[in-house]
Structures are given as C-alpha cells and as structure tokens.
Amino acid sequence: MAKRAKTDDLIERTRVPEDGRGFALAEIDPGAKTGLPDRAAAEVQTMADIARIDELQDVLYAQSKHALLIVLQGTDTSGKDGTIRKVFGPIDPLGLRITGFKAPTPQELAHDFLWRIHQAVPGKGEIGIFNRSHYEDVLVVRVHGLAPKEVIERRYHQINAFEQHLAENGVTLLKFLLHISKDEQKARLEARLADPTKQWKFNPGDLKERALWDDYQAAYQLALTRCSKPHAPWYVIPADRKWYRNALIARIIRHHLERLDLRYPPASGLDGIVIT
Ligand code: AMP
Ligand code: MG
C-alpha cells in the first residue's frame with residue numbers, strides 16, 4: 001500500500017466547513033488554481049491519482065463492504081459530464097453506477113423527493129456517481145418556486161437525515177459543486193452553439209437558467225451551508241479550468257478511498273484445491 005497522507009491542506013481548504021461556518025461561495029474564484037499552479041505537473045498527478053483510484057476500486061469491489069457516492073452539481077456547462085468522462089473514464093465500468101437526474105416524471109413526483117434518489121444509491125462494493133441529485137430539489141425547485149416554501153425549507157434537514165442514514169450504512173458521500181464563472185459559461189454556451197457535435201446539448205431553456213444566475217448562486221450558498229457535514233462534506237471545485245477541476249476531484253476521491261479500510265477478502269476454503 002502506498003503511504004497515505006492523514007491530512008491534505010488543499011483538500012481541507014476546498015471543503016465547505018461544517019454547517020458552512022464562515023463560508024461564502026461568492027468569495028471563491030472559479031478560475032483559481034490554488035495549490036496546483038503548474039498545469040503539466042497537475043495533469044501527471046491526475047493520471048497517477050486516477051490509476052490509484054482504479055486500483056482501490058478493484059479492492060472496494062472485491063471486499064463489498066463499503067460504497068462510495070459522488071454527487072456532482074453545477075450549472076449547465078459546468079463540466080459534470082466532462083468530469084465523469086475524464087476522471088471515471090479509466091475506471092472499470094463494472095464497478096461504477098452512474099445516474100443522471102432530470103426533471104421528475106409523474107411517477108417520481110407522486111413520491112417523496114428522495115424516493116428516486118435512494119433507488120440509485122450504490123450498493124456495497126460500488127461507486128455511484130450522481131449527475132445532479134436530490135440537491136436539485138432545493139436548487140432549481142427553490143429558484144423556480146416549484147414547491148411551497150415551507151416544503152423546501154424542510155428538505156435541508158431531510159437531506160441531512162438521509163445522508164447520515166446512508167453514512168451509517170456504509171456509504172461514503174462526497175459532494176462536489178463545479179463552480180464556474182458567468183463569463184466562462186457564456187464562452188462554453190457559445191462553443192456549444194458553434195460546434196455541430198455539441199449543438200444537441202444546447203437547450204434554449206439553459207438561457208433562462210442563466211438569467212437566474214444570482215438566484216442560483218444564493219441557492220447553492222444555502223444548500224452548501226446547511227448540508228456540509230463531516231459524514232457528507234461539500235467541496236467547491238473551481239471549474240473554469242478543466243484540468244484543475246479534474247486534478248482536484250481525483251485527488252479528493254483518492255484521499256477518501258485511501259482512508260477507507262480497503263483490503264482484498266482473505267481466501268477461504270481454497271486449501272487443497274487442485275485444478276485438474
Ligand atoms: P441536463 O443536466 O442538461 O440533462 O438537464 C437536466 C434538467 O433537469 C436540469 O434543467 C435540471 O434542473 C432538471 N432537474 C433535475 N432534477 C430536478 C428536479 N428535482 N426538479 C426539477 N427539475 C429537475
Ligand atoms: Mg443541460
């Protein structure tokens with residue numbers, strides 16, 4: 001086993017403090033490259049981190065004791081899909097469970113908001129990735145007033161209780177907000193419009209969401225403040241630079257996997273076996 005760092009300053013600084021004490025999203029620069037000033041060096045490290053995640057994922061799968069749930073949130077074009085491709089692309093797909101959450105179906109709406117979420121939680125031995133998540137129910141739903149205010153207010157503590165329940169049942173939760181600037185979103189939307197291989201991703205509705213930028217930032221601030229807990233921390237990832245985003249996310253995931261007690265299960269009942 002490689003040596004594991006007990007603490008990592010960069011990771012600590014990226015984490016939203018418990019209950020958001022002193023945290024202000026507006027103070028975080030989406031273009032930051034804090035702690036990793038050199039792109040080429042960061043990219044080499046990212047590859048090493050991903051290779052290590054791949055090794056650890058194999059042990060996680062074999063041991064079937066822990067589950068890892070990664071939540072990706074962020075506005076349109078913030079890089080949720082790109083993160084999955086770049087960070088998890090090299091990981092054995094057998095051990096991954098990736099779920100994207102769209103506007104709820106009538107059947108989903110007939111249930112409580114966590115119903116569809118719980119079904120997608122990774123089982124023991126799996127890494128689950130949520131592309132959007134139950135946080136939409138306090139983000140888009142809040143910004144657009146899709147549920148009564150008192151219903152939304154109750155959801156923060158319902159989310160905390162749900163995540164604590166998962167944590168107590170062997171799920172390690174890591175939540176990432178991909179934090180981009182409004183200018184960077186403009187550039188990415190323009191690039192989408194200009195590229196025939198990306199136009200399908202352009203949804204005119206995204207412009208309506210963009211117009212509500214400040215409301216979304218306020219909703220993120222609230223969700224991150226109320227729902228960052230030691231057993232389910234939020235990390236704000238400066239995401240204007242894709243290489244920095246990938247480097248930080250890979251580093252954080254590796255760090256947490258190394259802190260789990262991962263080991264291959266001992267061989268049992270193999271004594272005396274002869275393969276003829
Ligand atoms: P995309 O990520 O581009 O596939 O878009 C998915 C869309 O579904 C986004 O506009 C989300 O805001 C929306 N969405 C996801 N979850 C919910 C939810 N619980 N309520 C309303 N809209 C949602
Ligand atoms: Mg979209």
# chains A, B, ... in the order shown; residues from 1 in each chain; ligands from 1
$ residues_near_ligand --ligand "ligand 1" --cutoff "9 Å" --atoms "only C-alpha atoms and all ligand atoms" --output "MDAnalysis selection string"
chainID A and resid 75:77 80:81 100:104 109 113 131:141 144 146 201:203 205:206 209
$ residues_around --residues "region 172-185 of chain A" --least-positions-apart "3" --cutoff "7 Å" --atoms "only C-alpha atoms" --output "list in words"
Pro30, Ala67, Leu68, Leu69, Ile70, Val71, Leu72, Gln73, Gly74, Thr77, Ser78, Gly79, Ala167, Arg188, Leu189, His231, Ala232, Pro233, Trp234, Tyr235, Val236, Ile237, Pro238, Ala239 and Asp240 of chain A
$ select_by_dssp --residues "region 20-155 of chain A" --states "helix (DSSP H, G or I)" --output "ChimeraX atom specification"
/A:20,25-27,39-63,80-88,93-95,106-109,115-119,134-138,140-143,149-155
$ closest_residue --among "A:Ile91, A:Leu25, A:Leu224, A:Ile273" --to "Leu56 (chain A)" --atoms "only C-alpha atoms"
A:Ile91
$ select_by_dssp --residues "region 17-90 of chain A" --states "strand (DSSP E or B)" --output "ChimeraX atom specification"
/A:67-73
$ residues_around --residues "Ala247 (chain A)" --least-positions-apart "3" --cutoff "9 Å" --atoms "only C-alpha atoms" --output "ChimeraX atom specification"
/A:36,42-43,45-47,49,87,242-244,250-252
$ write_last_selection --atoms "all heavy atoms" --output "CSV table (one decimal), in the first residue's frame"
chain,number,residue,atom,x,y,z
A,36,LEU,N,-2.1,24.2,-7.1
A,36,LEU,CA,-1.6,23.4,-8.3
A,36,LEU,C,-1.3,24.4,-9.4
A,36,LEU,O,-2.0,24.5,-10.4
A,36,LEU,CB,-2.7,22.4,-8.7
A,36,LEU,CG,-3.3,21.4,-7.7
A,36,LEU,CD1,-4.5,20.7,-8.3
A,36,LEU,CD2,-2.2,20.4,-7.4
A,42,ALA,N,0.2,19.1,-12.8
A,42,ALA,CA,-1.1,18.7,-12.2
A,42,ALA,C,-1.6,17.5,-13.0
A,42,ALA,O,-2.2,16.6,-12.5
A,42,ALA,CB,-2.0,19.8,-12.2
A,43,GLU,N,-1.4,17.6,-14.4
A,43,GLU,CA,-2.0,16.5,-15.2
A,43,GLU,C,-1.3,15.2,-15.0
A,43,GLU,O,-2.0,14.1,-15.0
A,43,GLU,CB,-1.9,17.0,-16.7
A,43,GLU,CG,-3.0,18.0,-17.0
A,43,GLU,CD,-3.0,18.6,-18.4
A,43,GLU,OE1,-1.9,18.5,-19.1
A,43,GLU,OE2,-4.0,19.1,-18.8
A,45,GLN,N,0.0,14.3,-12.1
A,45,GLN,CA,-0.5,13.8,-10.9
A,45,GLN,C,-2.0,13.3,-11.0
A,45,GLN,O,-2.3,12.3,-10.4
A,45,GLN,CB,-0.5,15.0,-9.8
A,45,GLN,CG,-0.9,14.6,-8.4
A,45,GLN,CD,0.0,13.5,-7.8
A,45,GLN,OE1,1.2,13.6,-7.9
A,45,GLN,NE2,-0.7,12.4,-7.3
A,46,THR,N,-2.8,13.9,-11.8
A,46,THR,CA,-4.2,13.5,-12.0
A,46,THR,C,-4.2,12.0,-12.5
A,46,THR,O,-4.9,11.2,-12.1
A,46,THR,CB,-4.9,14.4,-13.0
A,46,THR,OG1,-4.9,15.7,-12.5
A,46,THR,CG2,-6.4,14.0,-13.2
A,47,MET,N,-3.3,11.8,-13.5
A,47,MET,CA,-3.2,10.4,-14.1
A,47,MET,C,-2.8,9.4,-13.0
A,47,MET,O,-3.4,8.3,-13.0
A,47,MET,CB,-2.3,10.4,-15.3
A,47,MET,CG,-2.9,11.0,-16.5
A,47,MET,SD,-1.8,11.2,-17.9
A,47,MET,CE,-1.3,9.5,-18.1
A,49,ASP,N,-3.3,9.7,-9.8
A,49,ASP,CA,-4.5,9.6,-8.9
A,49,ASP,C,-5.6,8.7,-9.4
A,49,ASP,O,-6.1,7.9,-8.7
A,49,ASP,CB,-5.0,11.0,-8.5
A,49,ASP,CG,-4.1,11.8,-7.6
A,49,ASP,OD1,-3.2,11.2,-7.0
A,49,ASP,OD2,-4.3,13.1,-7.5
A,87,VAL,N,-12.5,11.7,-15.3
A,87,VAL,CA,-12.0,11.2,-14.1
A,87,VAL,C,-12.4,9.7,-13.9
A,87,VAL,O,-11.6,8.9,-13.4
A,87,VAL,CB,-12.5,12.0,-12.8
A,87,VAL,CG1,-12.1,11.4,-11.5
A,87,VAL,CG2,-12.0,13.4,-12.9
A,242,LYS,N,-10.5,23.2,-16.8
A,242,LYS,CA,-10.9,21.8,-16.7
A,242,LYS,C,-9.8,20.9,-16.1
A,242,LYS,O,-10.1,20.0,-15.3
A,242,LYS,CB,-11.3,21.2,-18.1
A,242,LYS,CG,-12.5,21.9,-18.6
A,242,LYS,CD,-12.8,21.5,-20.1
A,242,LYS,CE,-14.0,22.3,-20.6
A,242,LYS,NZ,-14.2,22.1,-22.0
A,243,TRP,N,-8.6,21.2,-16.4
A,243,TRP,CA,-7.5,20.4,-15.8
A,243,TRP,C,-7.4,20.5,-14.3
A,243,TRP,O,-7.2,19.6,-13.6
A,243,TRP,CB,-6.2,20.7,-16.5
A,243,TRP,CG,-5.7,22.2,-16.2
A,243,TRP,CD1,-5.9,23.2,-17.1
A,243,TRP,CD2,-5.0,22.7,-15.1
A,243,TRP,NE1,-5.3,24.3,-16.5
A,243,TRP,CE2,-4.7,24.0,-15.3
A,243,TRP,CE3,-4.5,22.1,-13.9
A,243,TRP,CZ2,-4.1,24.9,-14.4
A,243,TRP,CZ3,-3.8,22.9,-13.0
A,243,TRP,CH2,-3.6,24.2,-13.3
A,244,TYR,N,-7.7,21.7,-13.8
A,244,TYR,CA,-7.7,22.0,-12.4
A,244,TYR,C,-8.9,21.2,-11.7
A,244,TYR,O,-8.7,20.6,-10.7
A,244,TYR,CB,-7.8,23.5,-12.1
A,244,TYR,CG,-7.6,23.8,-10.6
A,244,TYR,CD1,-6.4,23.8,-10.0
A,244,TYR,CD2,-8.8,24.0,-9.8
A,244,TYR,CE1,-6.2,24.1,-8.6
A,244,TYR,CE2,-8.6,24.2,-8.4
A,244,TYR,CZ,-7.4,24.3,-7.9
A,244,TYR,OH,-7.3,24.5,-6.5
A,250,ALA,N,-10.0,14.3,-8.6
A,250,ALA,CA,-9.3,13.0,-8.5
A,250,ALA,C,-8.5,12.9,-7.2
A,250,ALA,O,-8.5,11.8,-6.5
A,250,ALA,CB,-8.3,12.8,-9.7
A,251,ARG,N,-7.9,14.0,-6.8
A,251,ARG,CA,-7.2,14.0,-5.5
A,251,ARG,C,-8.0,13.7,-4.3
A,251,ARG,O,-7.7,13.0,-3.4
A,251,ARG,CB,-6.5,15.4,-5.4
A,251,ARG,CG,-5.6,15.6,-4.2
A,251,ARG,CD,-5.1,17.0,-4.3
A,251,ARG,NE,-4.3,17.4,-3.2
A,251,ARG,CZ,-3.0,17.8,-3.4
A,251,ARG,NH1,-2.5,17.9,-4.6
A,251,ARG,NH2,-2.3,18.2,-2.3
A,252,ILE,N,-9.2,14.4,-4.3
A,252,ILE,CA,-10.1,14.2,-3.2
A,252,ILE,C,-10.7,12.8,-3.1
A,252,ILE,O,-10.7,12.2,-2.0
A,252,ILE,CB,-11.3,15.3,-3.3
A,252,ILE,CG1,-10.7,16.7,-3.1
A,252,ILE,CG2,-12.3,15.0,-2.2
A,252,ILE,CD1,-11.6,17.8,-3.4
$ closest_residue --among "A:Val143, A:Ile129, A:Ala48, A:Ala161" --to "Asp215 (chain A)" --atoms "only C-alpha atoms"
A:Val143
$ closest_residue --among "A:Ala219, A:Gln199, A:Ile253, A:Pro266" --to "ligand 2" --atoms "only C-alpha atoms and all ligand atoms"
A:Gln199
